[in-house]
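Novice: The structure follows.
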Amino acid sequence: MAQIHLETIINAPQERIFDLSRSIDLHKFSVAHTNEEAIDGRTSGLIQLGETVTWRAKHLGGYQKLTVEIVKMDTPTLFKDVMIKGTFKSMSHTHRFMEEEGKTRMIDEFEFESPLGYLGKMVNALFLKKYMTKFLIIRNAEIKRIAESELWMQLLNK
């Protein structure tokens, strides 16, 4: 199983980052380069515990669908989504948030397993882990940009 651990320091309150990270609307345009759209389940607003969202996006040259469910939520410190249907053999993403001196440390723990056994492990090692890491870095940079500006108010209706 491939594992990605990222930490991003954001100059904004923990509650704001927690909510922005759950925003379907923010996710859509934070990864616009993949033409990602929510097509089933929760398709806008803030995803909640027990809810699902199905994403359709262009990755690695073709369109794919991924359905995840929020299986754990401890507001405003953690939420976890897991794949219930998609291309991966398995996938989980734990989002952690820690307030430190007026800033928020956002921690992503992303784990996935590719299908096809040994061939899938080779694909992970050769490029998929790097691809997914870049995807998360781009998304986190957008969360940071929005959270540190006045744009967050539009997304969270504040």
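So you can find residues: chains in the structure tokens are A, B, ... in the order shown, residues in each start at 1, and ligands are numbered from 1 in order.
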Do you have, as a tab-separated table, the list of residues of segment 19-49 of chain A lying at most 12 Å from segment 78-92 of chain A, each with its nearest atom pair and that distance in Å to one decimal, counting only C-alpha atoms and ordered by chain then number?
Specialist:
```
residue	atom	partner	partner_atom	distance
A:Asp19	CA	A:Phe79	CA	10.4
A:Ser21	CA	A:Phe79	CA	9.4
A:Arg22	CA	A:Phe79	CA	8.6
A:Ile47	CA	A:Phe79	CA	10.2
A:Gln48	CA	A:Phe79	CA	9.2
A:Leu49	CA	A:Phe79	CA	8.2
```
Novice: Output N, CA and C atoms of each residue in that selection to a file, as an mmCIF file, in the first residue's frame.
Specialist:
```cif
data_model
loop_
_atom_site.group_PDB
_atom_site.id
_atom_site.type_symbol
_atom_site.label_atom_id
_atom_site.label_comp_id
_atom_site.auth_asym_id
_atom_site.auth_seq_id
_atom_site.Cartn_x
_atom_site.Cartn_y
_atom_site.Cartn_z
ATOM 1 N N ASP A 19 -13.611 23.337 7.500
ATOM 2 C CA ASP A 19 -14.772 23.479 6.624
ATOM 3 C C ASP A 19 -14.368 23.604 5.157
ATOM 4 N N SER A 21 -11.853 22.315 3.734
ATOM 5 C CA SER A 21 -11.400 20.999 3.290
ATOM 6 C C SER A 21 -12.559 20.062 2.989
ATOM 7 N N ARG A 22 -13.722 20.334 3.584
ATOM 8 C CA ARG A 22 -14.917 19.522 3.336
ATOM 9 C C ARG A 22 -15.793 20.096 2.230
ATOM 10 N N ILE A 47 -19.516 18.457 2.946
ATOM 11 C CA ILE A 47 -19.836 17.043 3.137
ATOM 12 C C ILE A 47 -19.820 16.716 4.626
ATOM 13 N N GLN A 48 -20.719 15.835 5.044
ATOM 14 C CA GLN A 48 -20.911 15.499 6.456
ATOM 15 C C GLN A 48 -20.650 14.008 6.698
ATOM 16 N N LEU A 49 -20.559 13.644 7.949
ATOM 17 C CA LEU A 49 -20.378 12.247 8.348
ATOM 18 C C LEU A 49 -21.484 11.381 7.746
#
```
Novice: May I ask which of the residues A:Ala2, A:Phe135, A:Asp40, A:His27 is the closest one to Leu60 of chain A, counting only C-alpha atoms?
Specialist: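 When distances to Leu60 of chain A are compared using only C-alpha atoms, the smallest one comes from A:Phe135.
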Novice: Quick one: everything within 12 Å of segment 99-111 of chain A, counting only C-alpha atoms, minus sequence neighbours fewer than 3 positions away in the same chain. Send it as a VMD selection string.
Specialist: chain A and resid 1 to 21 76 to 83 88 to 96 114 124 128 to 129 132 to 133 135 to 137 139 to 141 143 to 144 147 to 148
Novice: Extract the full set of strand (DSSP E) residues from chain A according to DSSP on the backbone, and format it as a PyMOL selection string.
Specialist: chain A and resi 2-10+37-41+52-59+62-74+78-85+90-100+103-113
Novice: Next, the residues of the selection above should be written as a short mmCIF file (atom, residue, chain, number, x, y, z; two decimals), in the first residue's frame with C-alpha atoms.
Specialist:
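Wrote out19.cif, looks like this:
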```cif
data_model
loop_
_atom_site.label_atom_id
_atom_site.label_comp_id
_atom_site.auth_asym_id
_atom_site.auth_seq_id
_atom_site.Cartn_x
_atom_site.Cartn_y
_atom_site.Cartn_z
CA ALA A 2 1.33 3.42 -0.97
CA GLN A 3 1.26 6.16 1.67
CA ILE A 4 1.50 9.92 1.30
CA HIS A 5 1.98 12.25 4.27
CA LEU A 6 1.74 16.00 3.67
CA GLU A 7 1.70 18.93 6.08
CA THR A 8 0.61 22.43 5.14
CA ILE A 9 0.74 25.44 7.46
CA ILE A 10 -2.09 27.88 6.83
CA GLU A 37 -17.07 17.35 -10.95
CA ALA A 38 -19.33 15.89 -8.28
CA ILE A 39 -21.97 13.82 -10.07
CA ASP A 40 -23.75 11.91 -7.31
CA GLY A 41 -24.32 12.01 -3.55
CA THR A 52 -20.95 10.10 -0.04
CA VAL A 53 -19.79 11.95 -3.12
CA THR A 54 -19.03 10.51 -6.54
CA TRP A 55 -16.38 12.39 -8.48
CA ARG A 56 -15.83 12.18 -12.22
CA ALA A 57 -12.43 13.43 -13.33
CA LYS A 58 -9.82 13.07 -16.03
CA HIS A 59 -6.74 11.36 -14.67
CA GLY A 62 -9.03 9.04 -19.28
CA TYR A 63 -12.16 9.81 -17.29
CA GLN A 64 -12.63 7.89 -14.06
CA LYS A 65 -15.19 7.80 -11.28
CA LEU A 66 -14.48 7.62 -7.56
CA THR A 67 -17.09 7.34 -4.82
CA VAL A 68 -16.00 8.10 -1.25
CA GLU A 69 -17.83 8.08 2.06
CA ILE A 70 -17.04 10.16 5.12
CA VAL A 71 -16.60 7.46 7.76
CA LYS A 72 -15.18 9.49 10.64
CA MET A 73 -15.55 13.10 11.73
CA ASP A 74 -14.34 14.85 14.87
CA LEU A 78 -10.31 15.31 11.81
CA PHE A 79 -12.34 13.67 9.10
CA LYS A 80 -11.69 10.55 7.07
CA ASP A 81 -13.02 9.48 3.70
CA VAL A 82 -12.69 6.02 2.19
CA MET A 83 -13.32 4.77 -1.32
CA ILE A 84 -16.40 2.65 -1.68
CA LYS A 85 -16.21 2.42 -5.47
CA SER A 90 -8.49 0.58 -1.80
CA MET A 91 -8.09 4.22 -0.80
CA SER A 92 -8.44 6.23 2.40
CA HIS A 93 -7.68 9.86 3.19
CA THR A 94 -7.43 11.12 6.76
CA HIS A 95 -7.51 14.91 7.10
CA ARG A 96 -6.16 16.28 10.41
CA PHE A 97 -6.17 19.88 11.63
CA MET A 98 -4.16 21.30 14.53
CA GLU A 99 -4.20 24.92 15.63
CA GLU A 100 -0.74 26.24 16.49
CA LYS A 103 -2.21 29.11 12.39
CA THR A 104 -3.45 25.70 11.33
CA ARG A 105 -1.34 22.67 10.52
CA MET A 106 -3.29 20.67 7.95
CA ILE A 107 -2.11 17.07 7.72
CA ASP A 108 -3.05 14.69 4.92
CA GLU A 109 -2.56 10.96 5.38
CA PHE A 110 -3.46 9.42 2.04
CA GLU A 111 -3.20 5.66 1.51
CA PHE A 112 -4.03 3.74 -1.62
CA GLU A 113 -3.51 0.38 -3.19
#
```
Novice: Quick check for you: according to DSSP on this backbone, which residues of segment 80-158 of chain A are classed as helix (DSSP H, G or I)? Reply as a VMD selection string.
Specialist: chain A and resid 117 to 147 152 to 156
